[in-house]
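Colleague: The structure follows.
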Amino acid sequence: MFGRSGKLLAALAFTSVGLFASTVTMKFNAGSGVAPTLADGSADQVGPYTAFINGSPLTTVIFCDDFSDSVSPGESWTANLTILSSGNLSNTLYGPGLIASHNLAYATQLYDEVAWLALQFANNVQADWGGIQSAMWQIMNSSAPNTNPNVASSPTSTAYWLLQAAANFGHVNNANVEILTLASGTKTSTGASSVQEFLVLTPEPATYALFGSGLILLSLGTFRRRRNKSS
């Protein structure tokens, strides 16, 4: 009845509502396919990943801050959703009380740093992605591997991006940062007891409104053209 534009708007609305719930269902889709060699010799995929959230047919871009756990395409689980600006990080992996050295202000800063780094994938060439991703992992886990050459002047290195994140995290609007953490007691579809934590960077609510309005107008325009043809 509404055509392709109406279906897309409905899918967008369904996804948007899901992202503001306290828990969401997730099905991991795929990684970026970029797998640079890290200092420990591993070649873990880095960069943006995608997942289906709450059964939406649209994929959501997600970013990984957790090197200690793992996930594979096709795995599904229930995740707690925490908005970073909420002031309550008790359902995350790295909030106060979960890591001895993390009070709320410090944990919030670390997530802000990771979120700022997540924004940099779109602004830099893939050769730099290993440095960006490993910096995201190291911010939360200092034992995570880094990239070589590990020199602060090279955007291919972990050290470069750690310095950039520490200098620029204040530019992040953490009301737009959502943290997706495995819900207590849930299992992945492959039977693992743990799964990686991810971040979602949501647009401003005004962006959703403008985008949605544009789709509604497009749908109405399509409907009007069809009616004129029939008459």
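Identifiers in the structure tokens: chain A, B, ... in order shown; residue index from 1 per chain; ligand index from 1 in order shown.
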Quick one: residues within 12 Å of Ser72 (chain A), only C-alpha atoms counted, chain neighbours fewer than 6 positions away excluded, as a PyMOL selection string?
Modeller: chain A and resi 27-31+44-45+49-51+188-192+194-196
Colleague: Please produce a file of the residues just selected, as a PDB file, in the first residue's frame, where the atoms kept are N, CA and C atoms.
Modeller:
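File written: again.pdb
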ATOM      1  N   LYS A  27      21.733  -9.894  16.371  1.00  0.00           N
ATOM      2  CA  LYS A  27      22.288 -10.969  15.550  1.00  0.00           C
ATOM      3  C   LYS A  27      23.454 -10.384  14.771  1.00  0.00           C
ATOM      4  N   PHE A  28      24.645 -10.884  15.037  1.00  0.00           N
ATOM      5  CA  PHE A  28      25.841 -10.341  14.398  1.00  0.00           C
ATOM      6  C   PHE A  28      25.827 -10.693  12.920  1.00  0.00           C
ATOM      7  N   ASN A  29      26.148  -9.721  12.095  1.00  0.00           N
ATOM      8  CA  ASN A  29      26.104  -9.912  10.652  1.00  0.00           C
ATOM      9  C   ASN A  29      27.494 -10.111  10.065  1.00  0.00           C
ATOM     10  N   ALA A  30      28.342  -9.086  10.125  1.00  0.00           N
ATOM     11  CA  ALA A  30      29.638  -9.170   9.464  1.00  0.00           C
ATOM     12  C   ALA A  30      30.573  -8.083   9.955  1.00  0.00           C
ATOM     13  N   GLY A  31      31.860  -8.300   9.701  1.00  0.00           N
ATOM     14  CA  GLY A  31      32.872  -7.298   9.973  1.00  0.00           C
ATOM     15  C   GLY A  31      33.270  -6.593   8.704  1.00  0.00           C
ATOM     16  N   ASP A  44      43.213  -9.924  13.567  1.00  0.00           N
ATOM     17  CA  ASP A  44      41.802  -9.764  13.879  1.00  0.00           C
ATOM     18  C   ASP A  44      41.167  -8.734  12.956  1.00  0.00           C
ATOM     19  N   GLN A  45      39.914  -8.992  12.583  1.00  0.00           N
ATOM     20  CA  GLN A  45      39.189  -8.013  11.776  1.00  0.00           C
ATOM     21  C   GLN A  45      38.993  -6.737  12.581  1.00  0.00           C
ATOM     22  N   TYR A  49      31.483  -2.919  12.206  1.00  0.00           N
ATOM     23  CA  TYR A  49      30.797  -4.186  12.027  1.00  0.00           C
ATOM     24  C   TYR A  49      29.314  -3.865  11.837  1.00  0.00           C
ATOM     25  N   THR A  50      28.519  -4.868  11.476  1.00  0.00           N
ATOM     26  CA  THR A  50      27.081  -4.656  11.360  1.00  0.00           C
ATOM     27  C   THR A  50      26.329  -5.765  12.083  1.00  0.00           C
ATOM     28  N   ALA A  51      25.137  -5.438  12.550  1.00  0.00           N
ATOM     29  CA  ALA A  51      24.282  -6.408  13.232  1.00  0.00           C
ATOM     30  C   ALA A  51      22.826  -6.082  12.932  1.00  0.00           C
ATOM     31  N   THR A 188      24.843 -16.921  23.721  1.00  0.00           N
ATOM     32  CA  THR A 188      24.808 -16.712  22.283  1.00  0.00           C
ATOM     33  C   THR A 188      24.263 -17.970  21.630  1.00  0.00           C
ATOM     34  N   SER A 189      23.893 -17.857  20.361  1.00  0.00           N
ATOM     35  CA  SER A 189      23.298 -18.988  19.661  1.00  0.00           C
ATOM     36  C   SER A 189      24.273 -20.140  19.482  1.00  0.00           C
ATOM     37  N   THR A 190      25.564 -19.877  19.622  1.00  0.00           N
ATOM     38  CA  THR A 190      26.545 -20.947  19.488  1.00  0.00           C
ATOM     39  C   THR A 190      26.955 -21.515  20.843  1.00  0.00           C
ATOM     40  N   GLY A 191      26.325 -21.050  21.902  1.00  0.00           N
ATOM     41  CA  GLY A 191      26.564 -21.630  23.211  1.00  0.00           C
ATOM     42  C   GLY A 191      27.661 -20.983  24.025  1.00  0.00           C
ATOM     43  N   ALA A 192      28.293 -19.915  23.508  1.00  0.00           N
ATOM     44  CA  ALA A 192      29.347 -19.244  24.271  1.00  0.00           C
ATOM     45  C   ALA A 192      28.737 -18.528  25.465  1.00  0.00           C
ATOM     46  N   SER A 194      30.049 -15.736  26.753  1.00  0.00           N
ATOM     47  CA  SER A 194      30.339 -14.314  26.693  1.00  0.00           C
ATOM     48  C   SER A 194      30.422 -13.861  25.249  1.00  0.00           C
ATOM     49  N   VAL A 195      30.184 -12.600  25.029  1.00  0.00           N
ATOM     50  CA  VAL A 195      30.236 -12.033  23.688  1.00  0.00           C
ATOM     51  C   VAL A 195      30.725 -10.593  23.818  1.00  0.00           C
ATOM     52  N   GLN A 196      31.305 -10.071  22.757  1.00  0.00           N
ATOM     53  CA  GLN A 196      31.909  -8.746  22.816  1.00  0.00           C
ATOM     54  C   GLN A 196      30.888  -7.639  23.066  1.00  0.00           C
TER      55      GLN A 196
END
Colleague: My list of candidates is A:Thr108, A:Asn123, A:Ser32, A:Asn88. Which is closest to Pro73 (chain A) when distances are computed with only C-alpha atoms?
Modeller: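 So, comparing all the options, the nearest one is A:Ser32.
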Colleague: I need the residue nearest Thr82 (chain A) from this list: A:Gly95, A:Gly185, A:Pro149, A:Gly47. Use only C-alpha atoms for the distance.
Modeller: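 Ranking A:Gly95, A:Gly185, A:Pro149, A:Gly47 by distance to Thr82 (chain A), first place goes to A:Gly95.
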Colleague: Tell me which of A:Thr158, A:Leu38, A:Met26, A:Thr78 sits closest to Asn54 (chain A), counting only C-alpha atoms.
Modeller: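 Residue with the minimum atom-to-atom distance to Asn54 (chain A): A:Met26.
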Colleague: CA of Asn124 (chain A) and CA of Ile53 (chain A), how far apart in Å?
Modeller: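 These atoms are spaced 26.9 Å apart.
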Colleague: Counting only C-alpha atoms, which of A:Val34, A:Val177, A:Ile132, A:Val24 gets nearest to Thr202 (chain A)?
Modeller: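 Residue with the minimum atom-to-atom distance to Thr202 (chain A): A:Val177.
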Colleague: Measure the distance from CA of Thr60 (chain A) to CA of Gly33 (chain A) in Å and round it to one decimal.
Modeller: 16.4 Å
Colleague: Show which residues sit within 10 Å of Leu119 (chain A), as a ChimeraX atom specification. Count only C-alpha atoms, and ignore same-chain residues fewer than 6 positions away.
Modeller: /A:48,63,132,172,201
Colleague: Counting only C-alpha atoms, which residue out of A:Ser42, A:Trp77, A:Ser56, A:Ile83 sits closest to Lys187 (chain A)?
Modeller: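 Using only C-alpha atoms, Lys187 (chain A) sits closest to A:Trp77.
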